[in-house]
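As structure tokens, the structure follows; a few thoughts come after it.
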Amino acid sequence: MAETTEKKEEEAVPCVKDYDFAAKVLNAPGVVLVEFFAEWCGNCRHVAPLLEQIARENPGRLQVVRVNVEKEPGLTQEYGISTLPSVLYFRGGAVADRKIGQYTKREILAKLAFLG
């Protein structure tokens with residue numbers, strides 16, 4: 001059962017790597033929400049279910065992916081991530097906005113409405 005739940009979570013919010021970041025984020029259509037996280041980060045663990053919920057409730061409207069800062073230091077440095085969690089909103093291959101620290105579902109949905 002735990003394996004099934006884990007697979008569902010991975011499908012809802014997959015982790016991207018340096019090698020597939022361009023394909024899954026920069027070249028993706030629409031808005032892509034990218035959360036930079038670490039497994040040891042308590043706030044990151046707190047918001048993970050929220051991201052999964054948003055991803056499941058908004059298929060086609062946006063994509064949600066995660067980047068593990070410890071496994072992808074190049075991406076972490078490239079995007080200037082120094083606080084966790086950090087959320088970057090990409091549109092058209094560029095960062096359209098960012099949110100540092102904890103956030104609410106309402107904040108994310110408002111930003112998505114703004115970014116279109």
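Residues in the structure tokens are numbered from 1 in each chain, the chains being A, B, ... in the order shown, and ligands are numbered from 1 in the order shown.
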Worksheet item: Looking only at the backbone, which of the residues in chain A does DSSP tag as helix (DSSP H, G or I), as a VMD selection string?
Response: chain A and resid 2 to 12 18 to 26 42 to 57 73 to 78 105 to 115
Taking C-alpha atoms for each residue, export the selection above as a CSV table (one decimal), in the first residue's frame.
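Writing the result to out.csv gives the following:
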chain,number,residue,atom,x,y,z
A,2,ALA,CA,2.8,2.5,0.9
A,3,GLU,CA,4.4,1.8,-2.5
A,4,THR,CA,1.1,2.5,-4.3
A,5,THR,CA,0.7,5.8,-2.4
A,6,GLU,CA,4.3,6.7,-3.1
A,7,LYS,CA,3.8,6.1,-6.8
A,8,LYS,CA,0.7,8.2,-6.9
A,9,GLU,CA,2.5,11.1,-5.2
A,10,GLU,CA,5.4,10.8,-7.6
A,11,GLU,CA,2.9,11.0,-10.5
A,12,ALA,CA,1.2,14.1,-9.1
A,18,ASP,CA,19.1,18.8,-14.3
A,19,TYR,CA,19.1,16.7,-17.5
A,20,ASP,CA,15.3,16.9,-18.0
A,21,PHE,CA,14.6,20.4,-16.6
A,22,ALA,CA,14.6,22.1,-20.0
A,23,ALA,CA,12.1,19.6,-21.4
A,24,LYS,CA,9.8,19.5,-18.4
A,25,VAL,CA,10.0,23.1,-17.4
A,26,LEU,CA,11.6,25.5,-19.8
A,42,GLY,CA,10.1,20.7,7.7
A,43,ASN,CA,8.2,23.4,5.9
A,44,CYS,CA,8.8,21.6,2.6
A,45,ARG,CA,7.2,18.5,4.1
A,46,HIS,CA,4.3,20.6,5.3
A,47,VAL,CA,3.5,22.0,1.9
A,48,ALA,CA,4.1,18.8,-0.2
A,49,PRO,CA,0.5,17.6,0.2
A,50,LEU,CA,-0.7,21.0,-0.8
A,51,LEU,CA,1.3,20.8,-4.0
A,52,GLU,CA,-0.1,17.4,-4.7
A,53,GLN,CA,-3.6,18.6,-4.2
A,54,ILE,CA,-3.1,21.6,-6.5
A,55,ALA,CA,-1.5,19.4,-9.2
A,56,ARG,CA,-4.4,16.9,-9.1
A,57,GLU,CA,-7.1,19.6,-9.1
A,73,PRO,CA,22.9,21.9,-6.8
A,74,GLY,CA,23.4,23.3,-10.3
A,75,LEU,CA,19.7,24.2,-10.7
A,76,THR,CA,19.7,25.5,-7.2
A,77,GLN,CA,22.6,27.8,-7.9
A,78,GLU,CA,21.3,28.8,-11.3
A,105,LYS,CA,-3.3,27.2,-1.5
A,106,ARG,CA,-5.0,30.5,-1.9
A,107,GLU,CA,-1.7,32.3,-2.7
A,108,ILE,CA,-0.8,29.7,-5.3
A,109,LEU,CA,-4.2,29.8,-7.0
A,110,ALA,CA,-4.2,33.6,-7.0
A,111,LYS,CA,-0.8,33.6,-8.6
A,112,LEU,CA,-1.9,31.1,-11.2
A,113,ALA,CA,-5.0,33.3,-12.0
A,114,PHE,CA,-2.6,36.3,-12.4
A,115,LEU,CA,-0.1,34.4,-14.6
Practice prompt. Excluding range 86-99 of chain A and any residue of its chain fewer than 3 positions from it, enumerate the residues within 10 Å of it, using only C-alpha atoms, and give them as an NGL selection string.
Written response: :A and (22-23 or 25-37 or 44 or 62-67 or 79-83 or 102-103 or 107-108 or 111-112 or 115-116)
Discussion item. I need the residues of chain A that end up classed as strand (DSSP E) by DSSP on the backbone, written out as a PyMOL selection string.
Written reply: chain A and resi 31-37+62-68+86-91+94-100
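Here CA of Ile100 in chain A is placed at a distance of 23.9 Å from CA of Pro59 in chain A.
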Discussion item. As a PyMOL selection string, please: the residues near Asn68 in chain A (cut-off 8 Å, only C-alpha atoms, same-chain neighbours under 3 positions excluded).
Written reply: chain A and resi 15+36-39+71-72
Can you write just those residues out, N, CA and C atoms, as a tab-separated table (two decimals), in the first residue's frame?
chain	number	residue	atom	x	y	z
A	15	CYS	N	9.71	14.74	-9.38
A	15	CYS	CA	10.97	15.47	-9.21
A	15	CYS	C	11.66	15.53	-10.56
A	36	PHE	N	11.47	24.12	-5.08
A	36	PHE	CA	12.80	23.69	-4.66
A	36	PHE	C	12.69	23.29	-3.20
A	37	PHE	N	13.12	22.07	-2.88
A	37	PHE	CA	12.92	21.52	-1.54
A	37	PHE	C	14.12	20.68	-1.11
A	38	ALA	N	14.11	20.30	0.15
A	38	ALA	CA	15.06	19.32	0.68
A	38	ALA	C	14.26	18.37	1.58
A	39	GLU	N	14.69	17.13	1.63
A	39	GLU	CA	13.97	16.14	2.42
A	39	GLU	C	13.98	16.48	3.91
A	71	LYS	N	20.24	17.18	-4.45
A	71	LYS	CA	20.58	16.33	-5.59
A	71	LYS	C	20.82	17.14	-6.86
A	72	GLU	N	20.35	18.37	-6.89
A	72	GLU	CA	20.48	19.21	-8.08
A	72	GLU	C	21.08	20.58	-7.72
